[in-house]
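For reference, input-v6.cif is printed below; it contains mmCIF, C-alpha atoms.
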data_data
#
loop_
_atom_site.group_PDB
_atom_site.id
_atom_site.type_symbol
_atom_site.label_atom_id
_atom_site.label_comp_id
_atom_site.auth_asym_id
_atom_site.auth_seq_id
_atom_site.Cartn_x
_atom_site.Cartn_y
_atom_site.Cartn_z
ATOM 1 C CA MET Z 1 -28.925 -13.026 -77.396
ATOM 2 C CA SER Z 2 -25.260 -13.576 -78.082
ATOM 3 C CA GLU Z 3 -22.790 -12.132 -75.601
ATOM 4 C CA THR Z 4 -20.895 -10.620 -78.518
ATOM 5 C CA SER Z 5 -23.932 -8.574 -79.593
ATOM 6 C CA SER Z 6 -23.843 -4.807 -79.223
ATOM 7 C CA PHE Z 7 -25.926 -1.694 -79.808
ATOM 8 C CA VAL Z 8 -25.016 1.847 -80.844
ATOM 9 C CA ASP Z 9 -27.116 4.842 -81.897
ATOM 10 C CA PRO Z 10 -24.950 7.303 -83.879
ATOM 11 C CA VAL Z 11 -27.805 9.843 -84.088
ATOM 12 C CA PHE Z 12 -28.136 10.087 -80.298
ATOM 13 C CA LEU Z 13 -24.385 10.333 -79.834
ATOM 14 C CA ALA Z 14 -24.023 13.023 -82.489
ATOM 15 C CA ARG Z 15 -26.872 15.081 -81.066
ATOM 16 C CA PHE Z 16 -26.411 14.751 -77.308
ATOM 17 C CA GLY Z 17 -23.022 13.146 -76.769
ATOM 18 C CA LEU Z 18 -22.567 10.658 -73.955
ATOM 19 C CA THR Z 19 -21.864 11.614 -70.351
ATOM 20 C CA ARG Z 20 -22.845 10.350 -66.934
ATOM 21 C CA PHE Z 21 -25.808 12.746 -67.090
ATOM 22 C CA ASN Z 22 -27.489 10.890 -69.956
ATOM 23 C CA ALA Z 23 -25.898 7.394 -69.923
ATOM 24 C CA ILE Z 24 -29.065 5.793 -68.505
ATOM 25 C CA ASP Z 25 -31.263 7.655 -71.003
ATOM 26 C CA TYR Z 26 -29.034 6.296 -73.773
ATOM 27 C CA PHE Z 27 -29.361 2.763 -72.408
ATOM 28 C CA LEU Z 28 -33.170 3.137 -72.304
ATOM 29 C CA HIS Z 29 -33.210 3.811 -76.051
ATOM 30 C CA PRO Z 30 -36.334 2.123 -77.526
ATOM 31 C CA LEU Z 31 -34.207 0.178 -80.042
ATOM 32 C CA ASN Z 32 -31.721 -1.123 -77.480
ATOM 33 C CA PRO Z 33 -32.207 -4.926 -77.489
ATOM 34 C CA PHE Z 34 -30.707 -5.253 -73.984
ATOM 35 C CA ARG Z 35 -33.302 -3.180 -72.140
ATOM 36 C CA THR Z 36 -36.250 -4.851 -70.415
ATOM 37 C CA LYS Z 37 -39.642 -4.841 -72.091
ATOM 38 C CA ALA Z 38 -41.332 -4.052 -68.793
ATOM 39 C CA LYS Z 39 -41.544 -0.441 -67.626
ATOM 40 C CA SER Z 40 -38.578 0.271 -65.379
ATOM 41 C CA SER Z 41 -38.435 2.612 -62.395
ATOM 42 C CA ASN Z 42 -36.089 4.836 -64.407
ATOM 43 C CA GLU Z 43 -38.805 5.454 -66.980
ATOM 44 C CA VAL Z 44 -41.268 6.294 -64.204
ATOM 45 C CA LEU Z 45 -38.818 8.898 -62.900
ATOM 46 C CA ASN Z 46 -38.238 10.233 -66.421
ATOM 47 C CA MET Z 47 -41.968 10.865 -66.799
ATOM 48 C CA GLN Z 48 -41.734 12.939 -63.609
ATOM 49 C CA GLY Z 49 -38.776 14.873 -65.013
ATOM 50 C CA ILE Z 50 -36.318 13.308 -62.571
ATOM 51 C CA ASN Z 51 -32.905 12.253 -63.779
ATOM 52 C CA ILE Z 52 -29.293 12.831 -62.817
ATOM 53 C CA GLY Z 53 -29.090 16.020 -64.856
ATOM 54 C CA THR Z 54 -32.152 17.681 -63.315
ATOM 55 C CA LEU Z 55 -31.101 16.639 -59.807
ATOM 56 C CA CYS Z 56 -27.672 18.200 -60.334
ATOM 57 C CA GLN Z 57 -29.274 21.383 -61.657
ATOM 58 C CA PHE Z 58 -32.182 21.861 -59.245
ATOM 59 C CA GLY Z 59 -31.381 19.526 -56.333
ATOM 60 C CA THR Z 60 -34.086 18.213 -54.015
ATOM 61 C CA GLY Z 61 -36.174 19.583 -51.209
ATOM 62 C CA SER Z 62 -33.584 18.640 -48.612
ATOM 63 C CA ARG Z 63 -30.574 19.449 -50.816
ATOM 64 C CA PRO Z 64 -31.168 22.467 -53.056
ATOM 65 C CA GLY Z 65 -29.135 22.716 -56.221
ATOM 66 C CA PRO Z 66 -26.885 23.027 -57.951
ATOM 67 C CA LEU Z 67 -25.297 19.747 -56.871
ATOM 68 C CA SER Z 68 -22.052 18.146 -57.911
ATOM 69 C CA LEU Z 69 -22.175 15.133 -60.216
ATOM 70 C CA ASP Z 70 -21.396 12.734 -57.359
ATOM 71 C CA ASP Z 71 -24.118 14.247 -55.186
ATOM 72 C CA GLY Z 72 -26.579 14.155 -58.070
ATOM 73 C CA GLU Z 73 -25.879 10.452 -58.642
ATOM 74 C CA ASP Z 74 -26.288 9.751 -54.931
ATOM 75 C CA GLU Z 75 -29.662 11.508 -54.905
ATOM 76 C CA TYR Z 76 -30.763 9.593 -58.000
ATOM 77 C CA ARG Z 77 -29.864 6.266 -56.374
ATOM 78 C CA LEU Z 78 -31.748 7.355 -53.246
ATOM 79 C CA VAL Z 79 -34.873 8.160 -55.257
ATOM 80 C CA LEU Z 80 -34.618 4.815 -57.085
ATOM 81 C CA SER Z 81 -34.331 2.949 -53.779
ATOM 82 C CA ARG Z 82 -37.803 4.188 -52.802
ATOM 83 C CA LEU Z 83 -39.357 2.448 -55.814
ATOM 84 C CA THR Z 84 -39.784 -1.253 -56.508
ATOM 85 C CA GLY Z 85 -39.529 -3.283 -59.691
ATOM 86 C CA GLU Z 86 -36.877 -3.439 -62.392
ATOM 87 C CA GLN Z 87 -34.296 -0.660 -62.290
ATOM 88 C CA TYR Z 88 -31.050 0.374 -63.932
ATOM 89 C CA GLU Z 89 -28.251 1.741 -61.757
ATOM 90 C CA LEU Z 90 -25.299 3.722 -63.051
ATOM 91 C CA LEU Z 91 -22.435 2.377 -60.977
ATOM 92 C CA PRO Z 92 -19.772 4.755 -59.641
ATOM 93 C CA LEU Z 93 -16.414 4.962 -61.354
ATOM 94 C CA ALA Z 94 -13.864 2.535 -59.994
ATOM 95 C CA ALA Z 95 -11.034 4.504 -58.421
ATOM 96 C CA ASN Z 96 -7.291 3.827 -58.580
ATOM 97 C CA LEU Z 97 -7.316 1.206 -61.335
ATOM 98 C CA GLU Z 98 -3.712 0.537 -62.253
ATOM 99 C CA GLY Z 99 -2.868 1.304 -65.860
ATOM 100 C CA VAL Z 100 -6.196 3.026 -66.592
ATOM 101 C CA THR Z 101 -6.211 6.757 -67.292
ATOM 102 C CA THR Z 102 -8.959 9.223 -66.395
ATOM 103 C CA GLN Z 103 -9.748 9.656 -70.083
ATOM 104 C CA GLN Z 104 -10.277 5.918 -70.486
ATOM 105 C CA LEU Z 105 -12.528 5.802 -67.436
ATOM 106 C CA SER Z 106 -14.627 8.673 -68.777
ATOM 107 C CA ALA Z 107 -15.459 6.576 -71.860
ATOM 108 C CA LEU Z 108 -16.702 3.650 -69.753
ATOM 109 C CA PHE Z 109 -20.125 3.448 -68.113
ATOM 110 C CA THR Z 110 -21.231 0.406 -66.122
ATOM 111 C CA ILE Z 111 -24.967 -0.189 -65.692
ATOM 112 C CA ARG Z 112 -26.476 -2.782 -63.374
ATOM 113 C CA HIS Z 113 -29.938 -4.200 -64.040
ATOM 114 C CA ILE Z 114 -31.682 -5.153 -60.787
ATOM 115 C CA HIS Z 115 -35.089 -6.105 -59.455
ATOM 116 C CA ARG Z 116 -35.829 -4.292 -56.203
ATOM 117 C CA THR Z 117 -38.368 -5.594 -53.699
ATOM 118 C CA ASN Z 118 -37.651 -3.052 -50.964
ATOM 119 C CA VAL Z 119 -35.067 -0.484 -49.949
ATOM 120 C CA SER Z 120 -32.457 -3.047 -48.937
ATOM 121 C CA GLN Z 121 -33.278 -6.146 -51.023
ATOM 122 C CA THR Z 122 -32.282 -6.348 -54.678
ATOM 123 C CA LYS Z 123 -31.541 -9.111 -57.152
ATOM 124 C CA VAL Z 124 -29.002 -8.551 -59.916
ATOM 125 C CA LEU Z 125 -30.452 -9.456 -63.332
ATOM 126 C CA GLY Z 126 -27.540 -8.385 -65.505
ATOM 127 C CA ILE Z 127 -24.521 -6.162 -65.943
ATOM 128 C CA TYR Z 128 -23.991 -3.984 -69.016
ATOM 129 C CA TYR Z 129 -21.325 -1.521 -69.992
ATOM 130 C CA ILE Z 130 -21.079 1.288 -72.510
ATOM 131 C CA LEU Z 131 -17.647 1.700 -74.042
ATOM 132 C CA GLU Z 132 -17.134 4.655 -76.376
ATOM 133 C CA GLY Z 133 -20.854 4.761 -77.169
ATOM 134 C CA VAL Z 134 -21.296 1.020 -77.811
ATOM 135 C CA ILE Z 135 -23.463 -0.986 -75.412
ATOM 136 C CA TYR Z 136 -22.325 -4.515 -74.542
ATOM 137 C CA LYS Z 137 -23.630 -7.139 -72.179
ATOM 138 C CA SER Z 138 -21.123 -8.322 -69.617
ATOM 139 C CA PRO Z 139 -20.512 -12.046 -70.084
ATOM 140 C CA SER Z 140 -21.502 -14.593 -67.488
ATOM 141 C CA VAL Z 141 -18.816 -16.491 -65.617
ATOM 142 C CA ARG Z 142 -19.853 -19.608 -67.523
ATOM 143 C CA GLY Z 143 -19.526 -17.843 -70.881
ATOM 144 C CA LEU Z 144 -16.156 -16.393 -69.946
ATOM 145 C CA MET Z 145 -14.808 -19.763 -68.817
ATOM 146 C CA LYS Z 146 -16.175 -21.400 -71.959
ATOM 147 C CA SER Z 147 -14.398 -18.847 -74.142
ATOM 148 C CA HIS Z 148 -11.069 -19.278 -72.347
ATOM 149 C CA ILE Z 149 -11.297 -23.077 -72.426
ATOM 150 C CA ALA Z 150 -12.175 -23.066 -76.142
ATOM 151 C CA ARG Z 151 -9.143 -20.912 -76.937
ATOM 152 C CA THR Z 152 -6.915 -23.098 -74.775
ATOM 153 C CA LEU Z 153 -8.142 -26.285 -76.470
ATOM 154 C CA SER Z 154 -7.639 -24.704 -79.886
ATOM 155 C CA GLY Z 155 -4.026 -23.886 -79.024
ATOM 156 C CA LEU Z 156 -3.415 -27.375 -77.665
ATOM 157 C CA SER Z 157 -4.935 -28.911 -80.791
ATOM 158 C CA GLU Z 158 -2.647 -26.866 -83.054
ATOM 159 C CA ALA Z 159 0.356 -27.820 -80.913
ATOM 160 C CA CYS Z 160 -0.545 -31.507 -81.148
ATOM 161 C CA ASP Z 161 -0.928 -31.228 -84.921
ATOM 162 C CA ALA Z 162 2.508 -29.625 -85.184
ATOM 163 C CA LEU Z 163 4.101 -32.290 -82.975
ATOM 164 C CA SER Z 164 2.452 -35.150 -84.861
ATOM 165 C CA LEU Z 165 4.378 -34.209 -88.003
ATOM 166 C CA CYS Z 166 7.661 -34.938 -86.251
ATOM 167 C CA ALA Z 167 6.672 -38.224 -84.602
ATOM 168 C CA ARG Z 168 8.328 -41.334 -85.977
ATOM 169 C CA TYR Z 169 7.664 -44.992 -85.214
ATOM 170 C CA GLU Z 170 10.180 -47.818 -85.499
ATOM 171 C CA PRO Z 171 9.209 -51.393 -84.593
ATOM 172 C CA THR Z 172 12.462 -51.862 -82.701
ATOM 173 C CA THR Z 173 12.600 -48.582 -80.810
ATOM 174 C CA GLY Z 174 8.975 -47.456 -80.708
ATOM 175 C CA TYR Z 175 7.987 -43.818 -81.064
ATOM 176 C CA THR Z 176 10.672 -41.140 -81.336
ATOM 177 C CA TRP Z 177 10.683 -37.395 -81.971
ATOM 178 C CA ARG Z 178 12.753 -35.834 -84.697
ATOM 179 C CA PHE Z 179 12.860 -32.059 -84.468
ATOM 180 C CA GLY Z 180 16.267 -31.500 -86.086
ATOM 181 C CA LEU Z 181 16.607 -29.753 -89.428
ATOM 182 C CA ASP Z 182 19.622 -31.792 -90.503
ATOM 183 C CA ASP Z 183 17.583 -34.698 -91.834
ATOM 184 C CA ASP Z 184 16.487 -33.729 -95.345
ATOM 185 C CA VAL Z 185 14.142 -36.677 -95.694
ATOM 186 C CA ASP Z 186 12.320 -35.885 -92.461
ATOM 187 C CA ASP Z 187 12.113 -32.209 -93.373
ATOM 188 C CA GLU Z 188 10.583 -33.070 -96.699
ATOM 189 C CA THR Z 189 8.117 -35.441 -95.083
ATOM 190 C CA CYS Z 190 7.051 -32.826 -92.519
ATOM 191 C CA SER Z 191 6.647 -30.201 -95.222
ATOM 192 C CA THR Z 192 4.561 -32.605 -97.300
ATOM 193 C CA HIS Z 193 2.253 -33.310 -94.377
ATOM 194 C CA ALA Z 194 1.921 -29.580 -93.671
ATOM 195 C CA ARG Z 195 1.044 -28.836 -97.297
ATOM 196 C CA LYS Z 196 -1.565 -31.596 -97.276
ATOM 197 C CA ARG Z 197 -3.160 -30.171 -94.131
ATOM 198 C CA ARG Z 198 -3.289 -26.667 -95.612
ATOM 199 C CA ARG Z 199 -4.714 -28.049 -98.852
ATOM 200 C CA ARG Z 200 -7.448 -29.944 -96.987
ATOM 201 C CA ARG Z 201 -8.453 -26.783 -95.153
ATOM 202 C CA ARG Z 202 -8.650 -24.778 -98.373
ATOM 203 C CA VAL Z 203 -10.915 -27.449 -99.857
ATOM 204 C CA LEU Z 204 -13.192 -27.381 -96.803
ATOM 205 C CA ASP Z 205 -13.720 -23.640 -96.367
ATOM 206 C CA ASN Z 206 -11.728 -21.887 -99.122
ATOM 207 C CA ARG Z 207 -9.749 -19.901 -96.559
ATOM 208 C CA ARG Z 208 -6.035 -19.459 -96.111
ATOM 209 C CA PRO Z 209 -4.495 -20.596 -92.797
ATOM 210 C CA GLY Z 210 -5.040 -17.923 -90.180
ATOM 211 C CA GLU Z 211 -7.812 -16.183 -92.134
ATOM 212 C CA HIS Z 212 -11.092 -15.504 -90.283
ATOM 213 C CA THR Z 213 -14.590 -14.639 -91.424
ATOM 214 C CA GLU Z 214 -16.156 -11.285 -90.492
ATOM 215 C CA GLU Z 215 -18.241 -13.008 -87.796
ATOM 216 C CA GLU Z 216 -15.145 -14.635 -86.310
ATOM 217 C CA GLU Z 217 -13.236 -11.335 -86.366
ATOM 218 C CA GLU Z 218 -16.141 -9.573 -84.629
ATOM 219 C CA GLY Z 219 -16.297 -12.290 -82.004
ATOM 220 C CA LEU Z 220 -12.548 -12.060 -81.372
ATOM 221 C CA ARG Z 221 -12.650 -8.268 -81.050
ATOM 222 C CA ALA Z 222 -15.614 -8.412 -78.696
ATOM 223 C CA SER Z 223 -13.949 -11.097 -76.609
ATOM 224 C CA GLU Z 224 -10.753 -9.029 -76.338
ATOM 225 C CA ALA Z 225 -12.768 -5.944 -75.346
ATOM 226 C CA ILE Z 226 -14.602 -7.965 -72.705
ATOM 227 C CA ASP Z 227 -11.325 -9.234 -71.292
ATOM 228 C CA ARG Z 228 -9.941 -5.691 -71.059
ATOM 229 C CA ILE Z 229 -13.028 -4.376 -69.274
ATOM 230 C CA LEU Z 230 -13.144 -7.253 -66.819
ATOM 231 C CA SER Z 231 -9.451 -6.891 -66.033
ATOM 232 C CA ARG Z 232 -9.979 -3.194 -65.266
ATOM 233 C CA LEU Z 233 -12.846 -3.955 -62.924
ATOM 234 C CA SER Z 234 -11.327 -7.038 -61.313
ATOM 235 C CA ASN Z 235 -9.894 -5.057 -58.397
ATOM 236 C CA SER Z 236 -13.186 -3.329 -57.591
ATOM 237 C CA ASP Z 237 -16.241 -4.687 -55.760
ATOM 238 C CA VAL Z 238 -18.521 -2.022 -57.240
ATOM 239 C CA VAL Z 239 -20.221 -4.359 -59.678
ATOM 240 C CA VAL Z 240 -20.869 -7.043 -57.078
ATOM 241 C CA LYS Z 241 -21.785 -4.962 -54.049
ATOM 242 C CA GLY Z 242 -22.763 -1.669 -55.610
ATOM 243 C CA LYS Z 243 -20.548 0.282 -53.220
ATOM 244 C CA ALA Z 244 -18.202 3.083 -54.127
#

Same coordinates, now as C-alpha cells:
Amino acid sequence: MSETSSFVDPVFLARFGLTRFNAIDYFLHPLNPFRTKAKSSNEVLNMQGINIGTLCQFGTGSRPGPLSLDDGEDEYRLVLSRLTGEQYELLPLAANLEGVTTQQLSALFTIRHIHRTNVSQTKVLGIYYILEGVIYKSPSVRGLMKSHIARTLSGLSEACDALSLCARYEPTTGYTWRFGLDDDVDDETCSTHARKRRRRRRVLDNRRPGEHTEEEEEGLRASEAIDRILSRLSNSDVVVKGKA
C-alpha cells in the first residue's frame, strides 16, 4: 500500500468524535486498510469490555476508579503487556515540542503496531498516526530518503535546464556563460528555447508548466504532512522506545 494512502470514517467521527479514549477503537475500524487481518490483543480486550475509557471509569482491582486519563492509559498498557501476539499501543503525547501548541497535539494520535512475545520483548511492525481524524502510515526511512532525493534531483534538473539556455560555445574560447540582459540576441535565443521547452511539455501531457494532476497534488500534500509530523516528533524517543 502506498505511503500516501489514508483512511477516514466521517460517520464514526460525527457520532463519537475522536479522543484518546476511543483512538484505538477508531483505528480498529473494520474498513481501515492499515489494520492487521489477524485478531489483535486489543480486540480480545474489547470483547472483555476492557478499554481506556472503561479503565478510567471503573479502574482495576488494585486501582479502583475513577482514574485520570494518564493512569487509565498506563493500566491499559499494563493489561496489554500480559498478552502476546499483535497489539496496537497508543503512545503518550510528546511533551515540550517547540512550536507545537496543546491544541495541535490534541489532534494528533500516534499508534504503534507491535508483535509481543512476552512482557519485555516486542518487535515493532509499523507506526501510524491519526491527524484530525485521518489515519496515515508513517513512512519508512527508505521512503522518506527516496522522497527527499527525488525532490532534490528534480530541483537540480530544473536548474541545469535553466543554465543550459545561457551556455554558449565558441571554438576559440570554449564554453562561456551569458547571464546579462543587455544582449538582445542572447535574450531572444534564451526565450525561444524556453518557449520550445514549454511547447514540448504541453504536447506531451497537455499541462501548463507548474500544473499538477490530482494524484500529484495529493502526494505533495501527504508528503508535506508527513514532514511536519516527523519534525514534531524528531526530538522525542517515544516512537522508538515507547517511553514517556

Rounded to one decimal place, report the CA of Ser81 (chain Z)-CA of Pro139 (chain Z) distance in Å.
->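 Interatomic distance, CA of Ser81 (chain Z) to CA of Pro139 (chain Z): 26.1 Å.
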
Atomic distance CA of Leu144 (chain Z) - CA of Val8 (chain Z), expressed in Å with one decimal | 23.0 Å

Taking (-29.2, 20.0, -57.2) in the file's own coordinates, collect the residues within 12 Å, counting all atoms listed in the file, and hand them back as a list in words.
-> Ile50, Asn51, Ile52, Gly53, Thr54, Leu55, Cys56, Gln57, Phe58, Gly59, Thr60, Gly61, Ser62, Arg63, Pro64, Gly65, Pro66, Leu67, Ser68, Leu69, Asp70, Asp71, Gly72, Glu73, Asp74, Glu75 and Tyr76 of chain Z

Name the closest residue to Leu83 (chain Z) among the candidates Z:Asn22, Z:Ser106, Z:Ser154, Z:Gln121; distances are taken between atoms, counting only C-alpha atoms.
-> Z:Gln121

Quick one: residues within 7 Å of region 110-118 of chain Z, all atoms listed in the file counted, chain neighbours fewer than 3 positions away excluded, as a list in words?
->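 Surrounding residues, per the criterion: Thr84, Gly85, Glu86, Gln87, Tyr88, Glu89, Leu90, Leu91, Gln121, Thr122, Lys123, Val124, Leu125, Gly126, Ile127, Tyr128, Tyr129 and Ile130 of chain Z.
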
Have a look at CA of Leu78 (chain Z) and CA of Val44 (chain Z) and let me know their distance in Å, one decimal.
-> 14.6 Å

7 Å contact set for Phe7 (chain Z), all atoms listed in the file, chain neighbours under 5 positions out, as a list in words | Asn32, Val134, Ile135 and Tyr136 of chain Z
